[in-house]
Every structure is written in structure tokens, then in C-alpha cells.
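Trainee: Structure supplied as data.cif; contents: mmCIF, C-alpha atoms.
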```cif
data_data
#
loop_
_atom_site.group_PDB
_atom_site.id
_atom_site.type_symbol
_atom_site.label_atom_id
_atom_site.label_comp_id
_atom_site.auth_asym_id
_atom_site.auth_seq_id
_atom_site.Cartn_x
_atom_site.Cartn_y
_atom_site.Cartn_z
ATOM 1 C CA MET A 1 13.668 46.524 -0.337
ATOM 2 C CA THR A 2 11.379 43.567 -1.070
ATOM 3 C CA LYS A 3 8.329 44.529 -3.103
ATOM 4 C CA SER A 4 4.790 43.981 -1.875
ATOM 5 C CA LEU A 5 2.827 41.065 -3.256
ATOM 6 C CA LYS A 6 0.344 41.726 -6.025
ATOM 7 C CA ILE A 7 -3.145 40.341 -5.530
ATOM 8 C CA ARG A 8 -6.181 39.705 -7.709
ATOM 9 C CA SER A 9 -9.697 40.259 -6.365
ATOM 10 C CA PHE A 10 -12.960 38.889 -7.735
ATOM 11 C CA GLY A 11 -16.623 39.176 -6.808
ATOM 12 C CA SER A 12 -18.510 41.635 -4.687
ATOM 13 C CA GLY A 13 -20.512 39.294 -2.514
ATOM 14 C CA SER A 14 -21.893 40.700 0.704
ATOM 15 C CA GLY A 15 -20.361 37.858 2.702
ATOM 16 C CA SER A 16 -16.863 37.412 4.072
ATOM 17 C CA ASP A 17 -13.569 38.228 2.429
ATOM 18 C CA LEU A 18 -12.077 34.924 1.313
ATOM 19 C CA VAL A 19 -8.316 34.706 0.681
ATOM 20 C CA LEU A 20 -7.031 31.748 -1.349
ATOM 21 C CA LEU A 21 -3.448 30.455 -1.158
ATOM 22 C CA HIS A 22 -2.211 27.877 -3.688
ATOM 23 C CA GLY A 23 0.110 24.889 -3.400
ATOM 24 C CA TRP A 24 3.735 24.194 -4.298
ATOM 25 C CA GLY A 25 4.808 24.694 -7.913
ATOM 26 C CA MET A 26 1.444 26.288 -8.702
ATOM 27 C CA ASN A 27 -0.070 29.757 -8.764
ATOM 28 C CA SER A 28 -3.494 31.274 -8.227
ATOM 29 C CA GLY A 29 -4.543 30.165 -11.711
ATOM 30 C CA ALA A 30 -5.300 26.798 -10.118
ATOM 31 C CA PHE A 31 -8.389 28.349 -8.495
ATOM 32 C CA GLU A 32 -9.774 30.376 -11.415
ATOM 33 C CA GLN A 33 -12.473 27.933 -12.513
ATOM 34 C CA TRP A 34 -13.471 27.039 -8.970
ATOM 35 C CA ILE A 35 -13.929 30.612 -7.724
ATOM 36 C CA GLU A 36 -16.894 31.001 -10.061
ATOM 37 C CA LEU A 37 -18.743 29.026 -7.374
ATOM 38 C CA LEU A 38 -17.509 31.397 -4.648
ATOM 39 C CA THR A 39 -17.694 34.926 -6.049
ATOM 40 C CA PRO A 40 -21.498 35.248 -5.863
ATOM 41 C CA ASN A 41 -21.179 35.027 -2.091
ATOM 42 C CA TYR A 42 -17.773 36.456 -1.234
ATOM 43 C CA LYS A 43 -15.108 38.878 -2.273
ATOM 44 C CA VAL A 44 -12.358 36.456 -3.246
ATOM 45 C CA THR A 45 -8.701 37.499 -3.083
ATOM 46 C CA LEU A 46 -6.184 35.338 -4.938
ATOM 47 C CA VAL A 47 -2.647 35.596 -3.615
ATOM 48 C CA ASP A 48 0.290 34.187 -5.551
ATOM 49 C CA LEU A 49 2.891 33.148 -3.008
ATOM 50 C CA PRO A 50 6.311 34.849 -3.221
ATOM 51 C CA GLY A 51 8.167 33.709 -6.325
ATOM 52 C CA PHE A 52 5.058 32.254 -8.000
ATOM 53 C CA GLY A 53 2.618 33.501 -10.656
ATOM 54 C CA ILE A 54 2.322 37.267 -10.882
ATOM 55 C CA ASN A 55 4.679 37.498 -7.885
ATOM 56 C CA HIS A 56 7.476 35.477 -9.527
ATOM 57 C CA GLU A 57 9.879 38.391 -9.066
ATOM 58 C CA VAL A 58 8.894 39.106 -5.438
ATOM 59 C CA LEU A 59 11.203 37.091 -3.204
ATOM 60 C CA PRO A 60 12.330 37.335 0.416
ATOM 61 C CA GLU A 61 16.050 37.317 1.155
ATOM 62 C CA THR A 62 15.744 33.834 2.625
ATOM 63 C CA TYR A 63 12.845 31.613 1.622
ATOM 64 C CA THR A 64 11.317 30.244 4.819
ATOM 65 C CA LEU A 65 7.787 29.702 6.099
ATOM 66 C CA GLN A 66 8.099 32.805 8.259
ATOM 67 C CA SER A 67 9.442 35.045 5.482
ATOM 68 C CA VAL A 68 6.647 33.881 3.167
ATOM 69 C CA CYS A 69 4.068 34.648 5.861
ATOM 70 C CA ASP A 70 5.610 38.086 6.413
ATOM 71 C CA LEU A 71 4.991 38.936 2.752
ATOM 72 C CA VAL A 72 1.508 37.391 2.590
ATOM 73 C CA GLU A 73 0.146 38.980 5.785
ATOM 74 C CA PRO A 74 -0.224 42.557 4.415
ATOM 75 C CA ALA A 75 -2.324 41.182 1.525
ATOM 76 C CA ILE A 76 -4.971 39.766 3.890
ATOM 77 C CA PRO A 77 -8.059 41.961 4.439
ATOM 78 C CA SER A 78 -9.207 42.479 8.007
ATOM 79 C CA ASN A 79 -11.471 39.764 9.392
ATOM 80 C CA ALA A 80 -10.983 37.512 6.360
ATOM 81 C CA VAL A 81 -11.328 33.762 6.023
ATOM 82 C CA LEU A 82 -8.055 32.140 4.937
ATOM 83 C CA LEU A 83 -8.263 29.150 2.604
ATOM 84 C CA GLY A 84 -5.018 27.352 1.835
ATOM 85 C CA TRP A 85 -4.392 24.354 -0.377
ATOM 86 C CA SER A 86 -1.415 22.057 0.303
ATOM 87 C CA LEU A 87 1.644 24.327 0.864
ATOM 88 C CA GLY A 88 -0.771 27.266 0.940
ATOM 89 C CA GLY A 89 -2.536 25.524 3.810
ATOM 90 C CA LEU A 90 0.719 25.373 5.744
ATOM 91 C CA VAL A 91 1.155 29.121 5.214
ATOM 92 C CA ALA A 92 -2.471 29.713 6.255
ATOM 93 C CA GLN A 93 -2.004 27.697 9.445
ATOM 94 C CA GLN A 94 1.101 29.665 10.413
ATOM 95 C CA LEU A 95 -0.740 32.932 9.763
ATOM 96 C CA ALA A 96 -3.695 31.762 11.872
ATOM 97 C CA ILE A 97 -1.287 30.974 14.712
ATOM 98 C CA GLN A 98 0.274 34.439 14.438
ATOM 99 C CA LEU A 99 -2.818 36.547 13.815
ATOM 100 C CA GLY A 100 -5.283 34.919 16.193
ATOM 101 C CA ALA A 101 -8.661 36.676 16.319
ATOM 102 C CA ALA A 102 -7.702 38.935 13.407
ATOM 103 C CA ILE A 103 -8.580 35.974 11.177
ATOM 104 C CA LYS A 104 -12.288 35.143 10.966
ATOM 105 C CA GLY A 105 -11.845 31.547 9.845
ATOM 106 C CA LEU A 106 -9.351 29.022 8.501
ATOM 107 C CA VAL A 107 -9.959 26.426 5.778
ATOM 108 C CA THR A 108 -7.294 23.956 4.672
ATOM 109 C CA ILE A 109 -7.606 21.681 1.649
ATOM 110 C CA GLY A 110 -5.249 18.721 1.322
ATOM 111 C CA SER A 111 -2.927 20.204 3.909
ATOM 112 C CA SER A 112 -1.149 19.234 7.105
ATOM 113 C CA PRO A 113 0.851 20.859 9.904
ATOM 114 C CA CYS A 114 3.666 18.443 9.009
ATOM 115 C CA PHE A 115 4.014 17.032 5.492
ATOM 116 C CA VAL A 116 6.899 14.603 6.010
ATOM 117 C CA GLN A 117 6.463 11.048 7.199
ATOM 118 C CA ASN A 118 8.301 9.849 10.285
ATOM 119 C CA GLU A 119 7.890 6.938 12.666
ATOM 120 C CA ASN A 120 5.010 8.644 14.472
ATOM 121 C CA TRP A 121 3.417 10.515 11.590
ATOM 122 C CA THR A 122 1.893 9.795 8.181
ATOM 123 C CA GLY A 123 3.027 11.982 5.307
ATOM 124 C CA ILE A 124 5.280 12.218 2.261
ATOM 125 C CA LYS A 125 8.372 10.027 2.357
ATOM 126 C CA LYS A 126 11.576 12.029 2.604
ATOM 127 C CA ASP A 127 13.085 10.300 -0.417
ATOM 128 C CA VAL A 128 10.126 11.440 -2.558
ATOM 129 C CA LEU A 129 10.786 15.071 -1.642
ATOM 130 C CA SER A 130 14.502 14.546 -2.256
ATOM 131 C CA MET A 131 13.653 13.195 -5.714
ATOM 132 C CA PHE A 132 11.748 16.393 -6.543
ATOM 133 C CA VAL A 133 14.710 18.504 -5.413
ATOM 134 C CA LYS A 134 17.038 16.581 -7.742
ATOM 135 C CA GLN A 135 14.586 16.728 -10.643
ATOM 136 C CA LEU A 136 14.184 20.486 -10.248
ATOM 137 C CA ASP A 137 17.841 20.976 -11.126
ATOM 138 C CA ILE A 138 17.183 19.189 -14.421
ATOM 139 C CA SER A 139 13.751 20.408 -15.514
ATOM 140 C CA TYR A 140 10.964 22.321 -13.787
ATOM 141 C CA GLU A 141 8.456 21.286 -16.467
ATOM 142 C CA LYS A 142 9.069 17.555 -16.032
ATOM 143 C CA THR A 143 9.097 17.905 -12.249
ATOM 144 C CA LEU A 144 5.777 19.737 -12.369
ATOM 145 C CA GLU A 145 4.230 17.046 -14.574
ATOM 146 C CA ARG A 146 5.363 14.350 -12.142
ATOM 147 C CA PHE A 147 4.009 16.329 -9.191
ATOM 148 C CA LEU A 148 0.665 16.903 -10.911
ATOM 149 C CA ALA A 149 0.393 13.191 -11.644
ATOM 150 C CA ILE A 150 1.050 12.300 -7.997
ATOM 151 C CA GLN A 151 -1.509 14.848 -6.810
ATOM 152 C CA ALA A 152 -4.277 13.360 -8.932
ATOM 153 C CA MET A 153 -3.255 9.735 -8.340
ATOM 154 C CA GLY A 154 -6.225 7.585 -7.358
ATOM 155 C CA SER A 155 -8.834 9.842 -8.883
ATOM 156 C CA ASP A 156 -11.066 8.375 -11.601
ATOM 157 C CA ASN A 157 -10.148 11.301 -13.850
ATOM 158 C CA ALA A 158 -6.510 11.715 -12.843
ATOM 159 C CA ARG A 159 -5.165 12.536 -16.306
ATOM 160 C CA VAL A 160 -7.918 15.036 -17.030
ATOM 161 C CA GLU A 161 -7.425 16.768 -13.672
ATOM 162 C CA ALA A 162 -3.649 17.001 -14.144
ATOM 163 C CA ARG A 163 -4.102 18.389 -17.663
ATOM 164 C CA LEU A 164 -6.661 20.992 -16.554
ATOM 165 C CA LEU A 165 -4.474 22.115 -13.666
ATOM 166 C CA LYS A 166 -1.395 22.414 -15.860
ATOM 167 C CA LYS A 167 -3.337 24.467 -18.415
ATOM 168 C CA ALA A 168 -4.638 26.779 -15.677
ATOM 169 C CA ILE A 169 -1.255 27.557 -14.139
ATOM 170 C CA THR A 170 0.874 27.812 -17.284
ATOM 171 C CA GLN A 171 -0.974 30.959 -18.374
ATOM 172 C CA PHE A 172 1.130 32.735 -15.721
ATOM 173 C CA PRO A 173 4.907 33.227 -15.513
ATOM 174 C CA SER A 174 7.027 30.264 -14.447
ATOM 175 C CA PRO A 175 8.025 30.295 -10.772
ATOM 176 C CA ALA A 176 11.415 31.439 -9.548
ATOM 177 C CA SER A 177 13.908 28.667 -8.860
ATOM 178 C CA LYS A 178 14.452 30.067 -5.379
ATOM 179 C CA ALA A 179 10.747 29.735 -4.625
ATOM 180 C CA LEU A 180 10.565 26.181 -5.974
ATOM 181 C CA HIS A 181 13.512 24.988 -3.926
ATOM 182 C CA GLY A 182 12.467 27.073 -0.923
ATOM 183 C CA GLY A 183 8.925 25.733 -1.076
ATOM 184 C CA LEU A 184 10.146 22.134 -1.048
ATOM 185 C CA ASP A 185 12.418 23.001 1.870
ATOM 186 C CA ILE A 186 9.407 24.403 3.767
ATOM 187 C CA LEU A 187 7.450 21.210 3.116
ATOM 188 C CA ALA A 188 10.417 19.104 4.229
ATOM 189 C CA LYS A 189 11.262 20.997 7.427
ATOM 190 C CA SER A 190 8.131 22.726 8.752
ATOM 191 C CA ASP A 191 6.373 21.119 11.706
ATOM 192 C CA LEU A 192 3.500 23.044 13.282
ATOM 193 C CA ARG A 193 2.046 20.121 15.230
ATOM 194 C CA CYS A 194 2.943 21.564 18.624
ATOM 195 C CA GLU A 195 1.498 24.935 17.588
ATOM 196 C CA LEU A 196 -1.957 23.857 16.406
ATOM 197 C CA GLY A 197 -3.445 24.320 19.862
ATOM 198 C CA ARG A 198 -2.707 28.044 19.525
ATOM 199 C CA ILE A 199 -5.135 28.414 16.605
ATOM 200 C CA ILE A 200 -8.196 30.074 18.125
ATOM 201 C CA THR A 201 -10.050 30.796 14.900
ATOM 202 C CA PRO A 202 -12.737 28.321 13.750
ATOM 203 C CA THR A 203 -11.145 25.802 11.401
ATOM 204 C CA LEU A 204 -12.389 23.509 8.629
ATOM 205 C CA ARG A 205 -10.079 20.852 7.221
ATOM 206 C CA LEU A 206 -11.039 19.226 3.911
ATOM 207 C CA TYR A 207 -9.348 16.024 2.779
ATOM 208 C CA GLY A 208 -9.506 13.739 -0.236
ATOM 209 C CA LYS A 209 -9.722 10.098 0.794
ATOM 210 C CA LEU A 210 -7.442 9.146 -2.125
ATOM 211 C CA ASP A 211 -4.809 11.817 -1.402
ATOM 212 C CA SER A 212 -1.273 10.422 -1.688
ATOM 213 C CA ILE A 213 0.429 13.636 -0.515
ATOM 214 C CA VAL A 214 -1.575 14.133 2.681
ATOM 215 C CA PRO A 215 -2.699 10.560 3.425
ATOM 216 C CA ILE A 216 -6.121 10.311 5.005
ATOM 217 C CA ALA A 217 -4.542 8.464 7.932
ATOM 218 C CA ALA A 218 -3.170 11.836 9.064
ATOM 219 C CA ALA A 219 -6.634 13.364 9.449
ATOM 220 C CA ASP A 220 -7.440 11.796 12.823
ATOM 221 C CA ALA A 221 -4.011 12.691 14.209
ATOM 222 C CA ILE A 222 -4.419 16.312 13.087
ATOM 223 C CA GLN A 223 -7.884 16.392 14.652
ATOM 224 C CA GLN A 224 -6.425 15.309 17.984
ATOM 225 C CA LEU A 225 -3.961 18.205 17.834
ATOM 226 C CA GLN A 226 -6.723 20.744 17.157
ATOM 227 C CA LEU A 227 -9.837 19.307 18.783
ATOM 228 C CA GLN A 228 -12.031 22.314 18.006
ATOM 229 C CA SER A 229 -11.459 21.979 14.254
ATOM 230 C CA GLN A 230 -13.914 20.340 11.871
ATOM 231 C CA SER A 231 -12.717 17.649 9.452
ATOM 232 C CA ILE A 232 -14.513 16.489 6.303
ATOM 233 C CA VAL A 233 -13.324 13.721 3.980
ATOM 234 C CA ILE A 234 -14.456 13.705 0.329
ATOM 235 C CA PRO A 235 -14.501 9.964 -0.484
ATOM 236 C CA SER A 236 -13.549 9.880 -4.185
ATOM 237 C CA ALA A 237 -11.227 12.905 -4.239
ATOM 238 C CA ALA A 238 -7.431 13.002 -4.242
ATOM 239 C CA HIS A 239 -5.179 15.981 -3.416
ATOM 240 C CA GLY A 240 -7.212 18.615 -5.279
ATOM 241 C CA PRO A 241 -10.906 18.128 -4.408
ATOM 242 C CA PHE A 242 -11.781 21.642 -5.589
ATOM 243 C CA ILE A 243 -10.711 20.466 -9.070
ATOM 244 C CA SER A 244 -12.288 16.996 -9.110
ATOM 245 C CA HIS A 245 -15.326 17.864 -6.950
ATOM 246 C CA PRO A 246 -15.773 21.651 -7.280
ATOM 247 C CA GLU A 247 -19.453 21.886 -6.281
ATOM 248 C CA GLU A 248 -19.065 19.578 -3.300
ATOM 249 C CA THR A 249 -15.965 21.393 -2.062
ATOM 250 C CA ALA A 250 -17.627 24.795 -2.515
ATOM 251 C CA HIS A 251 -20.686 23.527 -0.622
ATOM 252 C CA PHE A 252 -18.576 22.664 2.415
ATOM 253 C CA VAL A 253 -16.875 26.071 2.276
ATOM 254 C CA HIS A 254 -20.255 27.849 2.028
ATOM 255 C CA GLN A 255 -21.583 25.813 4.943
ATOM 256 C CA PHE A 256 -18.577 26.626 7.115
ATOM 257 C CA VAL A 257 -18.370 30.339 6.283
ATOM 258 C CA GLY A 258 -22.148 30.670 6.646
ATOM 259 C CA GLY A 259 -21.850 29.269 10.143
ATOM 260 C CA LEU A 260 -19.202 31.862 10.963
ATOM 261 C CA HIS A 261 -21.538 34.630 9.798
ATOM 262 C CA ARG A 262 -24.452 33.313 11.858
ATOM 263 C CA SER A 263 -22.246 33.060 14.943
ATOM 264 C CA SER A 264 -21.034 36.660 14.559
ATOM 265 C CA THR A 265 -24.582 38.046 14.222
ATOM 266 C CA SER A 266 -26.245 36.007 16.943
#
```
Could you render the structure as C-alpha cells?

Mentor:
Amino acid sequence: MTKSLKIRSFGSGSGSDLVLLHGWGMNSGAFEQWIELLTPNYKVTLVDLPGFGINHEVLPETYTLQSVCDLVEPAIPSNAVLLGWSLGGLVAQQLAIQLGAAIKGLVTIGSSPCFVQNENWTGIKKDVLSMFVKQLDISYEKTLERFLAIQAMGSDNARVEARLLKKAITQFPSPASKALHGGLDILAKSDLRCELGRIITPTLRLYGKLDSIVPIAAADAIQQLQLQSQSIVIPSAAHGPFISHPEETAHFVHQFVGGLHRSSTS
């Protein structure tokens, strides 16, 4: 039997439960500095995705978007706001589609319903993802360094951001190979574009204008697929705005979640 995911909870704010889901190759350590700006207002739950961080030994039989969601769902408190970064945002979107009104709000950071570029969509080139798959078979560490560099590309402090992120995540166990390969497969094959209209929960999408993984050109197309969502672009940020612009990113989250609270009490 597959084990349940371990979680870490911080803060005792009187506001909403806020569940954070990290990106590919990472773990919840990526958020540890940033959540200091969130815990005064919310109870923050950090969830390491299956095969990552403190859940590096918790793996589904087959590693798919649905099997990952099946393991993450029991870790989500009732009426919580889901916040997913990159791959975590893809998981959060699928959960919002499945859970409907059971989710209070959805926030994605540097995420998309479809990560791969095709003739009608802006995203990561397939050969770039294929390169990561090949590199993984040689060295996870070198692949991670390359991925971190691409994430921060364009930022004024790209090297500093990549170094800080690497330091934050390497305090936890290395991810399982199955999760690394499975995560890349999810990014390569998942396409939720036709499903976005089923998301009924209020949604905030945060983008970095300099993001090379989720190009800003995709933002308008995503908005058209989910017209009721709110999109905000942080001009000088890349793929990890909560790292490069922590206060600004936290401000937008506070603003959004505060609006949810006012709506529920009015």
C-alpha cells in the first residue's frame, strides 16, 4: 500500500489555510524563506510532491498527474487556498478541476495548463525537455543546476537566485529517480487547456515577465481559456517571483486571499 504524504505546517493565522506545492526537481524547502511573509496571516501547509523532499520514498505505482493528485488531495485541508508553482501549479489546477467548490481559491505562480510549445501554443520546446531527460540519466545534480539557471534566466540577480534556491532545497533528501522522470513526463504530456473552463473557484495567476519556462506570451491565451481568472505580471521577475520579489508576490497573494474572505463574509 502506498504511504500517505507527510506535510509540514507553519503559522496560526486566523485567515485561510494556504497549501503550497513546489515545482519540478524541487521540494518545499524552496518556499521556506518566503512563507515568513505568509504565516502571520495564514496557516501554511507545505506539501512535498510524491518522490520529492520528505516524501522521497512515497511513490505511486505509476507516476502520472492523476496519481500525484490522488496522493496530494488527502493532505489538503477543507476550504483551503491552493498555491502551486510551476509543476505544482499544474497539480493545483487539476485538483481545482476535480474538487470544485471544496477549494476556496487557486493561485498559480509561473505555471500553465500546458507547458510544451506547439504551433498554436507558447511554452517549453520539446527538445529542451528531451535534453533534461537525457541529462537525468547522467547526473541529477548537473541537471538541477542547469534547470535552476534556466528558471532564473533574465533576472538581474539570476546567479544569486539560483544559488539561494539550490541551498534551500538541498537540505532535504534528493528526489527519487521515478519522480524526476515522471515529473518531466507530466510536463511534457499534460494538457488541461480544454478543462480550464471547469474551474469554478476564484483564480489568481502570477507570471514573471522574464520567465523562459512559461513565456509571458502564454498569459493572454490562458486568460481566454479561463475568463474569470485574474492575471498579474511582475515586470522584472523570471520563473520564481516569490524568490526574486518576495514582498511583491506576497502582497498579491494577500490581496487575492483577502478578497476571498470579504466575499465569503459579505

Trainee: Counting only C-alpha atoms, which residue out of A:Pro215, A:Pro40, A:Gly23, A:Gly208 sits closest to A:Leu83?

Mentor: A:Gly23

Trainee: Wanna dump the stretch 207-264 of chain A-stretch 155-168 of chain A contacts at 7 Å for me, each residue with its shortest atom pair and the distance in Å to one decimal, counting all atoms listed in the file, ordered by chain and number, as JSON lines?

Mentor:
```
{"residue": "A:Leu210", "atom": "CA", "partner": "A:Ser155", "partner_atom": "CA", "distance": 6.9}
{"residue": "A:Ser236", "atom": "CA", "partner": "A:Ser155", "partner_atom": "CA", "distance": 6.7}
{"residue": "A:Ala237", "atom": "CA", "partner": "A:Ser155", "partner_atom": "CA", "distance": 6.1}
{"residue": "A:Ala238", "atom": "CA", "partner": "A:Ser155", "partner_atom": "CA", "distance": 5.8}
{"residue": "A:Ile243", "atom": "CA", "partner": "A:Glu161", "partner_atom": "CA", "distance": 6.8}
{"residue": "A:Ser244", "atom": "CA", "partner": "A:Glu161", "partner_atom": "CA", "distance": 6.7}
```

Trainee: For stretch 86-191 of chain A against stretch 41-59 of chain A, with a cut-off of 8 Å and counting only C-alpha atoms, what is the closest atom pair and its distance in Å to one decimal for every residue that makes the cut, ordered by chain and number, as a Markdown table?

Mentor:
```
| residue | atom | partner | partner_atom | distance |
| --- | --- | --- | --- | --- |
| A:Gly88 | CA | A:Leu49 | CA | 8.0 |
| A:Ile169 | CA | A:Gly53 | CA | 7.9 |
| A:Phe172 | CA | A:Gly53 | CA | 5.3 |
| A:Pro173 | CA | A:Gly53 | CA | 5.4 |
| A:Ser174 | CA | A:Gly53 | CA | 6.7 |
| A:Pro175 | CA | A:Phe52 | CA | 4.5 |
| A:Ala176 | CA | A:Gly51 | CA | 5.1 |
| A:Lys178 | CA | A:Gly51 | CA | 7.3 |
| A:Ala179 | CA | A:Gly51 | CA | 5.0 |
| A:Leu180 | CA | A:Gly51 | CA | 7.9 |
```

Trainee: What gap, in Å, lies between atom CA of A:Met131 and atom CA of A:Leu87?

Mentor: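 Those two atoms sit 17.6 Å apart.
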
Trainee: Considering all atoms listed in the file, can you say which of A:Leu99, A:Val253, A:Leu136, A:Ile150 comes closest to A:Leu18?

Mentor: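 Checking each candidate against A:Leu18, we get A:Val253 as the closest.
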
Trainee: Smallest atom-to-atom distance to A:Leu187: which of A:Ser78, A:Leu148, A:Val214, A:Leu260, using all atoms listed in the file?

Mentor: A:Val214

Trainee: For the file shown, what are the residues hit by the PyMOL selection byres ((chain A and resi 119-124) around 7), laid out as a list in words?

Mentor: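 Here the PyMOL selection byres ((chain A and resi 119-124) around 7) matches Phe115, Val116, Gln117, Asn118, Lys125, Lys126, Val128, Ile213, Val214, Pro215, Ala217 and Ala218 of chain A.
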
Trainee: Which residue gives the smallest distance to A:Thr170 among A:Gly100, A:Gly15, A:Gly25, A:Pro74, with all atoms listed in the file counted?

Mentor: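 Distance minimum relative to A:Thr170 lands on A:Gly25.
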
Trainee: A:Ser111: which residues within 7 Å, counting all atoms listed in the file, same-chain residues fewer than 3 positions away excluded, as a PyMOL selection string?

Mentor: chain A and resi 85-87+89-90+108+214

Trainee: Any chance you can output those residues with C-alpha atoms as a tab-separated table (two decimals), in the frame of the given file?

Mentor:
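Result file follows (out-v1.tsv):
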```tsv
chain	number	residue	atom	x	y	z
A	85	TRP	CA	-4.39	24.35	-0.38
A	86	SER	CA	-1.42	22.06	0.30
A	87	LEU	CA	1.64	24.33	0.86
A	89	GLY	CA	-2.54	25.52	3.81
A	90	LEU	CA	0.72	25.37	5.74
A	108	THR	CA	-7.29	23.96	4.67
A	214	VAL	CA	-1.58	14.13	2.68
```

Trainee: Please identify all polymer residues lying at most 12 Å from the point (4.7, 25.8, 5.3) (file coordinates), using all atoms listed in the file, and present the result as an NGL selection string.

Mentor: :A and (21-24 or 49 or 63-69 or 84-95 or 111-116 or 182-193)

Trainee: Could you save those same residues with C-alpha atoms as a PDB file, keeping the file's coordinate frame?

Mentor:
```
ATOM      1  CA  LEU A  21      -3.448  30.455  -1.158  1.00  0.00           C
ATOM      2  CA  HIS A  22      -2.211  27.877  -3.688  1.00  0.00           C
ATOM      3  CA  GLY A  23       0.110  24.889  -3.400  1.00  0.00           C
ATOM      4  CA  TRP A  24       3.735  24.194  -4.298  1.00  0.00           C
ATOM      5  CA  LEU A  49       2.891  33.148  -3.008  1.00  0.00           C
ATOM      6  CA  TYR A  63      12.845  31.613   1.622  1.00  0.00           C
ATOM      7  CA  THR A  64      11.317  30.244   4.819  1.00  0.00           C
ATOM      8  CA  LEU A  65       7.787  29.702   6.099  1.00  0.00           C
ATOM      9  CA  GLN A  66       8.099  32.805   8.259  1.00  0.00           C
ATOM     10  CA  SER A  67       9.442  35.045   5.482  1.00  0.00           C
ATOM     11  CA  VAL A  68       6.647  33.881   3.167  1.00  0.00           C
ATOM     12  CA  CYS A  69       4.068  34.648   5.861  1.00  0.00           C
ATOM     13  CA  GLY A  84      -5.018  27.352   1.835  1.00  0.00           C
ATOM     14  CA  TRP A  85      -4.392  24.354  -0.377  1.00  0.00           C
ATOM     15  CA  SER A  86      -1.415  22.057   0.303  1.00  0.00           C
ATOM     16  CA  LEU A  87       1.644  24.327   0.864  1.00  0.00           C
ATOM     17  CA  GLY A  88      -0.771  27.266   0.940  1.00  0.00           C
ATOM     18  CA  GLY A  89      -2.536  25.524   3.810  1.00  0.00           C
ATOM     19  CA  LEU A  90       0.719  25.373   5.744  1.00  0.00           C
ATOM     20  CA  VAL A  91       1.155  29.121   5.214  1.00  0.00           C
ATOM     21  CA  ALA A  92      -2.471  29.713   6.255  1.00  0.00           C
ATOM     22  CA  GLN A  93      -2.004  27.697   9.445  1.00  0.00           C
ATOM     23  CA  GLN A  94       1.101  29.665  10.413  1.00  0.00           C
ATOM     24  CA  LEU A  95      -0.740  32.932   9.763  1.00  0.00           C
ATOM     25  CA  SER A 111      -2.927  20.204   3.909  1.00  0.00           C
ATOM     26  CA  SER A 112      -1.149  19.234   7.105  1.00  0.00           C
ATOM     27  CA  PRO A 113       0.851  20.859   9.904  1.00  0.00           C
ATOM     28  CA  CYS A 114       3.666  18.443   9.009  1.00  0.00           C
ATOM     29  CA  PHE A 115       4.014  17.032   5.492  1.00  0.00           C
ATOM     30  CA  VAL A 116       6.899  14.603   6.010  1.00  0.00           C
ATOM     31  CA  GLY A 182      12.467  27.073  -0.923  1.00  0.00           C
ATOM     32  CA  GLY A 183       8.925  25.733  -1.076  1.00  0.00           C
ATOM     33  CA  LEU A 184      10.146  22.134  -1.048  1.00  0.00           C
ATOM     34  CA  ASP A 185      12.418  23.001   1.870  1.00  0.00           C
ATOM     35  CA  ILE A 186       9.407  24.403   3.767  1.00  0.00           C
ATOM     36  CA  LEU A 187       7.450  21.210   3.116  1.00  0.00           C
ATOM     37  CA  ALA A 188      10.417  19.104   4.229  1.00  0.00           C
ATOM     38  CA  LYS A 189      11.262  20.997   7.427  1.00  0.00           C
ATOM     39  CA  SER A 190       8.131  22.726   8.752  1.00  0.00           C
ATOM     40  CA  ASP A 191       6.373  21.119  11.706  1.00  0.00           C
ATOM     41  CA  LEU A 192       3.500  23.044  13.282  1.00  0.00           C
ATOM     42  CA  ARG A 193       2.046  20.121  15.230  1.00  0.00           C
TER      43      ARG A 193
END
```

Trainee: Which is closest to A:Met26 among A:Tyr207, A:Leu38, A:Pro60, A:Glu145, if we use only C-alpha atoms?

Mentor: A:Glu145

Trainee: Need the axis-aligned box for stretch 118-122 of chain A with 6 Å each side, so what are the centre and edges in Å to one decimal, as JSON?

Mentor:
```
{"center_x": 5.1, "center_y": 8.7, "center_z": 11.3, "size_x": 18.4, "size_y": 15.6, "size_z": 18.3}
```

Trainee: Would you compute the distance between atom CA of A:Ala250 and atom CA of A:Gln224? Give it in Å to one decimal.

Mentor: 25.2 Å

Trainee: How far is it from atom CA of A:Gln226 to atom CA of A:Gly105, in Å with one decimal?

Mentor: 14.0 Å

Trainee: I'd like the contact shell of A:Gln255 - 12 Å cut-off, all atoms listed in the file, skipping same-chain residues fewer than 4 positions apart - returned as a ChimeraX atom specification.

Mentor: /A:38,41,107,204,230,232,248-251,259-262

Trainee: Take the residues from that selection and put them in a file with C-alpha atoms, as an mmCIF file, in the coordinates of the input.

Mentor:
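Saved result, result.cif, follows:
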```cif
data_model
loop_
_atom_site.group_PDB
_atom_site.id
_atom_site.type_symbol
_atom_site.label_atom_id
_atom_site.label_comp_id
_atom_site.auth_asym_id
_atom_site.auth_seq_id
_atom_site.Cartn_x
_atom_site.Cartn_y
_atom_site.Cartn_z
ATOM 1 C CA LEU A 38 -17.509 31.397 -4.648
ATOM 2 C CA ASN A 41 -21.179 35.027 -2.091
ATOM 3 C CA VAL A 107 -9.959 26.426 5.778
ATOM 4 C CA LEU A 204 -12.389 23.509 8.629
ATOM 5 C CA GLN A 230 -13.914 20.340 11.871
ATOM 6 C CA ILE A 232 -14.513 16.489 6.303
ATOM 7 C CA GLU A 248 -19.065 19.578 -3.300
ATOM 8 C CA THR A 249 -15.965 21.393 -2.062
ATOM 9 C CA ALA A 250 -17.627 24.795 -2.515
ATOM 10 C CA HIS A 251 -20.686 23.527 -0.622
ATOM 11 C CA GLY A 259 -21.850 29.269 10.143
ATOM 12 C CA LEU A 260 -19.202 31.862 10.963
ATOM 13 C CA HIS A 261 -21.538 34.630 9.798
ATOM 14 C CA ARG A 262 -24.452 33.313 11.858
#
```

Trainee: From the list A:His254, A:Lys209, A:His181, A:Lys3, which residue is nearest A:Leu129 when using all atoms listed in the file?

Mentor: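 Between A:His254, A:Lys209, A:His181, A:Lys3, the residue approaching A:Leu129 most closely is A:His181.
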
Trainee: Some atoms are absent from stretch 182-186 of chain A, so rebuild N, CA and C atoms and return them as a compact mmCIF listing (two decimals), in the frame of the given file.

Mentor:
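Output contents, as saved in result_9.txt:
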```txt
# COMPACT_ATOMS: atom_id res chain seq x y z
N GLY A 182 12.85 26.65 -2.26
CA GLY A 182 12.47 27.07 -0.92
C GLY A 182 11.16 26.47 -0.48
N GLY A 183 10.21 26.34 -1.41
CA GLY A 183 8.93 25.73 -1.08
C GLY A 183 9.07 24.28 -0.68
N LEU A 184 9.89 23.53 -1.42
CA LEU A 184 10.15 22.13 -1.05
C LEU A 184 10.84 22.04 0.31
N ASP A 185 11.72 22.99 0.58
CA ASP A 185 12.42 23.00 1.87
C ASP A 185 11.43 23.26 3.01
N ILE A 186 10.44 24.14 2.77
CA ILE A 186 9.41 24.40 3.77
C ILE A 186 8.60 23.14 4.02
```
